[in-house]
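Novice: Here's a structure for you.
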Amino acid sequence: MSSAEGSQSALRAAGPVAETLLGVSGVLVAGASLIFVAMMALLVLALRSRSARVKVRRWVIGGGVAFPAVVLAALFVYSEWHKPPWRVAPPKEALIVGVTARMWWWEVRYRDPRSGAEVVTANELRIPAGRPVYIGLSSADVIHSFWVPSLAGKMDMIPGRVQHLQLHAHRAGVWRGQCAEFCGEQHARMALHVVAEEPADFDAWLATQARPATVADGAPDAAVVRGRDAFLAHRCNACHTVRGVSEERSLGPDLTHVGSRLYLGAGTVANEPPQLAAWVAHTQQIKPGAHMPSSDQRIDDADLQAIARWLSQLK
């Protein structure tokens with residue numbers, strides 16, 4: 001992941017939606033700058049003028065009524081010209097994805113076109129490069145806001161409502177998004193990474209995600225088997241679904257293919273076995289207030305390491 005792709009900057013547009021917003025922002029900044037310069041020039045002229053006579057009515061009508069009316073009318077026409085067409089309906093070729101914001105993580109849902117099965121993942125939005133993506137946005141608790149600056153604008157997520165947003169990536173890469181509406185204690189650690197892949201790679205990824213959990217390296221070794229058994233014995237499945245192993249509840253993120261994700265805890269730590277074990281053991285120290293208890297006091301270190309090894313193999 002390059003430094004450009006890892007940043008959150010609306011100035012580094014990586015798709016047509018973000019490019020349109022960047023263009024609109026440029027027009028607004030340029031226009032505001034021109035108006036500011038004009039106002040400063042008028043101020044200098046007023047201070048240097050020797051005449052105390054001021055035609056108040058002309059200035060009120062011209063500067064207080066006519067000029068704002070012209071500027072606002074121009075902005076209205078310009079904004080209507082750039083009004084996104086997907087407000088009415090998504091493009092025919094668009095990928096449809098559902099994103100639900102929760103305190104403090106993201107649930108992402110796809111539909112596998114081959115089997116029709118629903119694919120559930122978390123904190124990572126994978127998309128095909130060069131194809132529009134139409135997202136249905138909702139919240140399960142409080143007001144959140146979805147924002148991936150390099151790919152799209154910001155959209156609030158309000159409980160009881162479904163909002164819509166389109167994003168589009170020109171090329172393969174990784175971009176970081178963020179909840180942009182204060183939503184509680186861990187608002188600052190509620191990130192979302194968008195991973196754009198070549199269409200063939202994305203199709204293969206989605207087909208894999210639709211299948212139940214499988215160990216990446218083929219036949220599991222003893223440590224991996226112990227990790228799966230410890231996951232069930234310590235009732236981690238009371239909150240987390242692992243399709244093919246346990247599908248009791250979904251209070252927390254779906255972990256069926258958690259090993260394929262880049263980060264844990266909504267962008268909090270990199271997804272590697274040592275960090276995964278530390279995350280399970282010390283959740284509240286790493287992300288205080290998260291709706292997951294630390295497990296270092298109830299699960300011994302050997303089981304923690306085994307659970308981390310098993311989860312990291314689920315790809």
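A note on labels: chains of the structure tokens are A, B, ... as shown, every chain counts residues from 1, and ligands are counted from 1 in their shown order.
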Would you kindly return, as a VMD selection string, each protein, DNA or RNA residue with an atom no farther than 12 Å from any atom of Leu232 (chain A), considering only C-alpha atoms and excluding same-chain residues fewer than 2 positions away?
Specialist: chain A and resid 225 to 230 234 to 242 245 to 248 303 307 310
Novice: Put those residues in a file: N, CA and C atoms, as a compact mmCIF listing (two decimals), in the first residue's frame.
Specialist:
```
# COMPACT_ATOMS: atom_id res chain seq x y z
N VAL A 225 -6.52 -26.83 14.82
CA VAL A 225 -7.68 -27.57 15.35
C VAL A 225 -7.95 -27.14 16.79
N ARG A 226 -6.89 -27.00 17.57
CA ARG A 226 -7.06 -26.54 18.95
C ARG A 226 -7.66 -25.14 18.99
N GLY A 227 -7.26 -24.29 18.06
CA GLY A 227 -7.81 -22.94 18.02
C GLY A 227 -9.29 -22.94 17.74
N ARG A 228 -9.74 -23.75 16.79
CA ARG A 228 -11.17 -23.85 16.50
C ARG A 228 -11.94 -24.37 17.70
N ASP A 229 -11.40 -25.40 18.34
CA ASP A 229 -12.08 -25.97 19.51
C ASP A 229 -12.11 -24.96 20.67
N ALA A 230 -11.01 -24.21 20.85
CA ALA A 230 -10.97 -23.22 21.92
C ALA A 230 -11.94 -22.07 21.63
N HIS A 234 -14.70 -21.47 24.54
CA HIS A 234 -14.74 -20.21 25.28
C HIS A 234 -15.90 -19.31 24.83
N ARG A 235 -16.79 -19.86 24.01
CA ARG A 235 -18.02 -19.20 23.60
C ARG A 235 -17.78 -17.89 22.84
N CYS A 236 -16.70 -17.85 22.07
CA CYS A 236 -16.51 -16.70 21.19
C CYS A 236 -17.62 -16.63 20.14
N ASN A 237 -18.19 -17.81 19.83
CA ASN A 237 -19.27 -17.88 18.85
C ASN A 237 -20.59 -17.34 19.38
N ALA A 238 -20.63 -16.93 20.66
CA ALA A 238 -21.84 -16.30 21.18
C ALA A 238 -22.07 -14.94 20.54
N CYS A 239 -20.99 -14.33 20.03
CA CYS A 239 -21.10 -13.01 19.39
C CYS A 239 -20.68 -13.03 17.92
N HIS A 240 -19.79 -13.98 17.55
CA HIS A 240 -19.22 -13.97 16.20
C HIS A 240 -19.66 -15.19 15.41
N THR A 241 -20.11 -14.95 14.18
CA THR A 241 -20.44 -16.03 13.26
C THR A 241 -19.20 -16.47 12.49
N VAL A 242 -19.04 -17.78 12.37
CA VAL A 242 -18.05 -18.36 11.46
C VAL A 242 -18.81 -19.42 10.67
N VAL A 245 -18.86 -23.36 10.91
CA VAL A 245 -18.40 -23.74 12.25
C VAL A 245 -19.47 -23.43 13.29
N SER A 246 -19.94 -22.21 13.30
CA SER A 246 -21.00 -21.80 14.22
C SER A 246 -21.69 -20.56 13.68
N GLU A 247 -23.02 -20.59 13.67
CA GLU A 247 -23.79 -19.46 13.16
C GLU A 247 -24.87 -19.05 14.15
N GLU A 248 -24.50 -19.02 15.44
CA GLU A 248 -25.48 -18.73 16.48
C GLU A 248 -25.91 -17.28 16.49
N ASP A 303 -4.26 -21.15 24.55
CA ASP A 303 -5.51 -21.12 23.80
C ASP A 303 -5.63 -19.84 22.97
N ILE A 307 -6.22 -19.82 19.04
CA ILE A 307 -7.37 -19.13 18.42
C ILE A 307 -6.89 -18.17 17.36
N TRP A 310 -5.76 -20.08 14.27
CA TRP A 310 -6.90 -20.59 13.51
C TRP A 310 -7.60 -19.46 12.73
```
Novice: Tell me, which residues of region 108-302 of chain A carry DSSP helix (DSSP H, G or I), written as number ranges by chain?
Specialist: A: 187-189, 199-209, 222-233, 236-238, 258-260, 273-281, 283-286, 301-302
Novice: Considering only C-alpha atoms, can you say which of A:Trp104, A:Tyr134, A:Phe202, A:Trp175 comes closest to Ala89 (chain A)?
Specialist: A:Tyr134
Novice: So that I can see what lies close to Pro293 (chain A), please list as a PyMOL selection string the residues with an atom at most 12 Å from it, counting only C-alpha atoms and leaving out residues fewer than 4 positions away in the same chain.
Specialist: chain A and resi 236+239+252+279-289+297-299
Novice: Using CA of Val99 (chain A) and CA of Met292 (chain A) as the two end points, give the distance in Å to one decimal.
Specialist: 20.7 Å
Novice: Of the candidates A:Asp141, A:Glu93, A:Asp221, A:Glu198, which shows the shortest atom-to-atom distance to Gly184 (chain A), using only C-alpha atoms?
Specialist: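 Checking each candidate against Gly184 (chain A), we get A:Asp141 as the closest.
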Novice: I'd like a table as a Markdown table: residues in region 242-301 of chain A with an atom no more than 9 Å from region 118-123 of chain A, each row giving the shortest atom pair and its distance in Å to one decimal, only C-alpha atoms counted, sorted by chain and rising residue number.
Specialist:
```
| residue | atom | partner | partner_atom | distance |
| --- | --- | --- | --- | --- |
| A:Pro253 | CA | A:Ala122 | CA | 5.7 |
| A:Asp254 | CA | A:Thr121 | CA | 5.7 |
| A:Leu255 | CA | A:Thr121 | CA | 7.4 |
| A:Thr256 | CA | A:Thr121 | CA | 7.9 |
| A:His257 | CA | A:Thr121 | CA | 7.7 |
| A:Val258 | CA | A:Thr121 | CA | 7.9 |
| A:Arg261 | CA | A:Asn123 | CA | 8.4 |
| A:Tyr263 | CA | A:Asn123 | CA | 7.9 |
| A:Leu264 | CA | A:Asn123 | CA | 7.9 |
| A:Gly265 | CA | A:Asn123 | CA | 7.8 |
| A:Ala266 | CA | A:Asn123 | CA | 5.1 |
| A:Gly267 | CA | A:Asn123 | CA | 7.3 |
```
Novice: Go through A:Ala223, A:Asn271, A:Ala18, A:Ile158 and flag the residue nearest Ala302 (chain A), using only C-alpha atoms for the distances.
Specialist: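 The shortest atom-to-atom distance to Ala302 (chain A) comes from A:Ala223.
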Novice: Could you state the separation of CA of Ile143 (chain A) and CA of Ile96 (chain A) in Å, given to one decimal place?
Specialist: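 Here the two named atoms are 22.2 Å from each other.
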Novice: Could you pull out the residues in region 122-283 of chain A that DSSP calls strand (DSSP E or B) from the backbone, as a VMD selection string?
Specialist: chain A and resid 122 124 to 128 133 to 139 144 to 147 155 to 157 163 to 167 173 to 179 191 to 197 215 242 246 263 to 264 269 to 270
Novice: Output N, CA and C atoms for every residue in the selection just made, as a compact mmCIF listing (two decimals), in the first residue's frame.
Specialist:
```
# COMPACT_ATOMS: atom_id res chain seq x y z
N ALA A 122 -16.59 -7.44 7.33
CA ALA A 122 -16.57 -6.32 8.27
C ALA A 122 -15.35 -5.44 8.04
N GLU A 124 -14.08 -3.66 5.91
CA GLU A 124 -13.31 -3.63 4.67
C GLU A 124 -14.27 -3.74 3.50
N LEU A 125 -14.22 -2.79 2.60
CA LEU A 125 -15.10 -2.77 1.44
C LEU A 125 -14.28 -3.10 0.20
N ARG A 126 -14.47 -4.29 -0.34
CA ARG A 126 -13.76 -4.68 -1.55
C ARG A 126 -14.64 -4.39 -2.75
N ILE A 127 -14.03 -3.78 -3.78
CA ILE A 127 -14.79 -3.39 -4.96
C ILE A 127 -13.97 -3.69 -6.20
N PRO A 128 -14.63 -3.84 -7.36
CA PRO A 128 -13.89 -3.99 -8.62
C PRO A 128 -13.47 -2.64 -9.17
N VAL A 133 -19.91 1.57 -7.83
CA VAL A 133 -20.41 0.81 -6.68
C VAL A 133 -21.49 1.64 -5.99
N TYR A 134 -22.67 1.08 -5.87
CA TYR A 134 -23.82 1.77 -5.29
C TYR A 134 -24.03 1.20 -3.89
N ILE A 135 -23.91 2.05 -2.89
CA ILE A 135 -23.91 1.59 -1.51
C ILE A 135 -25.18 2.03 -0.80
N GLY A 136 -25.84 1.08 -0.14
CA GLY A 136 -26.94 1.40 0.75
C GLY A 136 -26.39 1.55 2.16
N LEU A 137 -26.58 2.71 2.76
CA LEU A 137 -25.98 3.03 4.05
C LEU A 137 -27.05 3.10 5.14
N SER A 138 -26.81 2.42 6.25
CA SER A 138 -27.73 2.45 7.38
C SER A 138 -26.95 2.39 8.68
N SER A 139 -27.63 2.70 9.77
CA SER A 139 -27.00 2.66 11.08
C SER A 139 -27.83 1.78 12.00
N HIS A 144 -23.97 7.91 12.38
CA HIS A 144 -22.60 7.80 11.91
C HIS A 144 -22.51 8.54 10.57
N SER A 145 -21.34 8.55 9.97
CA SER A 145 -21.18 9.18 8.66
C SER A 145 -20.09 8.44 7.89
N PHE A 146 -20.42 8.06 6.66
CA PHE A 146 -19.51 7.31 5.80
C PHE A 146 -18.72 8.28 4.92
N TRP A 147 -17.39 8.19 4.97
CA TRP A 147 -16.58 9.10 4.15
C TRP A 147 -15.27 8.44 3.76
N MET A 155 -21.59 10.95 3.56
CA MET A 155 -23.02 10.73 3.70
C MET A 155 -23.33 10.29 5.13
N ASP A 156 -24.24 10.99 5.79
CA ASP A 156 -24.65 10.62 7.14
C ASP A 156 -25.47 9.33 7.11
N MET A 157 -25.32 8.53 8.17
CA MET A 157 -26.04 7.27 8.32
C MET A 157 -26.93 7.41 9.56
N GLN A 163 -29.68 5.51 3.37
CA GLN A 163 -29.12 6.52 2.47
C GLN A 163 -28.37 5.81 1.34
N HIS A 164 -28.09 6.53 0.27
CA HIS A 164 -27.39 5.93 -0.86
C HIS A 164 -26.20 6.80 -1.27
N LEU A 165 -25.16 6.12 -1.70
CA LEU A 165 -23.94 6.80 -2.11
C LEU A 165 -23.27 5.96 -3.19
N GLN A 166 -22.67 6.63 -4.15
CA GLN A 166 -21.92 5.93 -5.18
C GLN A 166 -20.45 6.29 -5.08
N LEU A 167 -19.59 5.28 -5.21
CA LEU A 167 -18.16 5.54 -5.33
C LEU A 167 -17.61 4.71 -6.48
N GLY A 173 -6.17 -0.51 -5.77
CA GLY A 173 -5.47 0.18 -4.69
C GLY A 173 -6.24 0.08 -3.40
N VAL A 174 -5.72 0.71 -2.37
CA VAL A 174 -6.34 0.71 -1.05
C VAL A 174 -6.49 2.15 -0.57
N TRP A 175 -7.70 2.49 -0.12
CA TRP A 175 -7.96 3.83 0.39
C TRP A 175 -8.65 3.74 1.74
N ARG A 176 -8.30 4.65 2.62
CA ARG A 176 -8.83 4.63 3.98
C ARG A 176 -10.02 5.57 4.09
N GLY A 177 -11.08 5.07 4.73
CA GLY A 177 -12.25 5.88 5.02
C GLY A 177 -12.41 6.00 6.52
N GLN A 178 -13.41 6.76 6.93
CA GLN A 178 -13.56 7.08 8.35
C GLN A 178 -15.00 7.44 8.65
N CYS A 179 -15.45 7.14 9.86
CA CYS A 179 -16.71 7.70 10.33
C CYS A 179 -16.47 9.19 10.57
N ALA A 191 -12.47 3.17 11.46
CA ALA A 191 -12.00 3.34 10.07
C ALA A 191 -12.56 2.23 9.19
N LEU A 192 -12.54 2.49 7.90
CA LEU A 192 -12.96 1.52 6.89
C LEU A 192 -11.98 1.60 5.73
N HIS A 193 -11.47 0.47 5.29
CA HIS A 193 -10.56 0.47 4.14
C HIS A 193 -11.29 -0.04 2.90
N VAL A 194 -11.16 0.71 1.83
CA VAL A 194 -11.72 0.30 0.54
C VAL A 194 -10.60 -0.30 -0.29
N VAL A 195 -10.78 -1.54 -0.70
CA VAL A 195 -9.77 -2.26 -1.48
C VAL A 195 -10.33 -2.48 -2.88
N ALA A 196 -9.78 -1.77 -3.86
CA ALA A 196 -10.20 -1.94 -5.25
C ALA A 196 -9.29 -2.96 -5.92
N GLU A 197 -9.90 -3.94 -6.57
CA GLU A 197 -9.15 -5.01 -7.23
C GLU A 197 -9.54 -5.08 -8.70
N VAL A 215 -9.63 -23.55 6.01
CA VAL A 215 -8.26 -23.22 6.38
C VAL A 215 -7.45 -23.03 5.11
N VAL A 242 -19.04 -17.78 12.37
CA VAL A 242 -18.05 -18.36 11.46
C VAL A 242 -18.81 -19.42 10.67
N SER A 246 -19.94 -22.21 13.30
CA SER A 246 -21.00 -21.80 14.22
C SER A 246 -21.69 -20.56 13.68
N TYR A 263 -6.95 -5.32 8.30
CA TYR A 263 -6.87 -4.76 9.65
C TYR A 263 -7.91 -5.40 10.56
N LEU A 264 -7.69 -5.20 11.87
CA LEU A 264 -8.61 -5.65 12.90
C LEU A 264 -9.14 -4.43 13.66
N VAL A 269 -5.58 -2.15 14.30
CA VAL A 269 -4.28 -2.84 14.25
C VAL A 269 -4.20 -3.68 12.98
N ALA A 270 -2.98 -3.93 12.51
CA ALA A 270 -2.78 -4.76 11.33
C ALA A 270 -3.18 -6.20 11.63
```
Novice: Taking only C-alpha atoms into account, name the residue in A:Val162, A:Leu311, A:Ile61, A:Val24 that is nearest to Leu11 (chain A).
Specialist: A:Val24
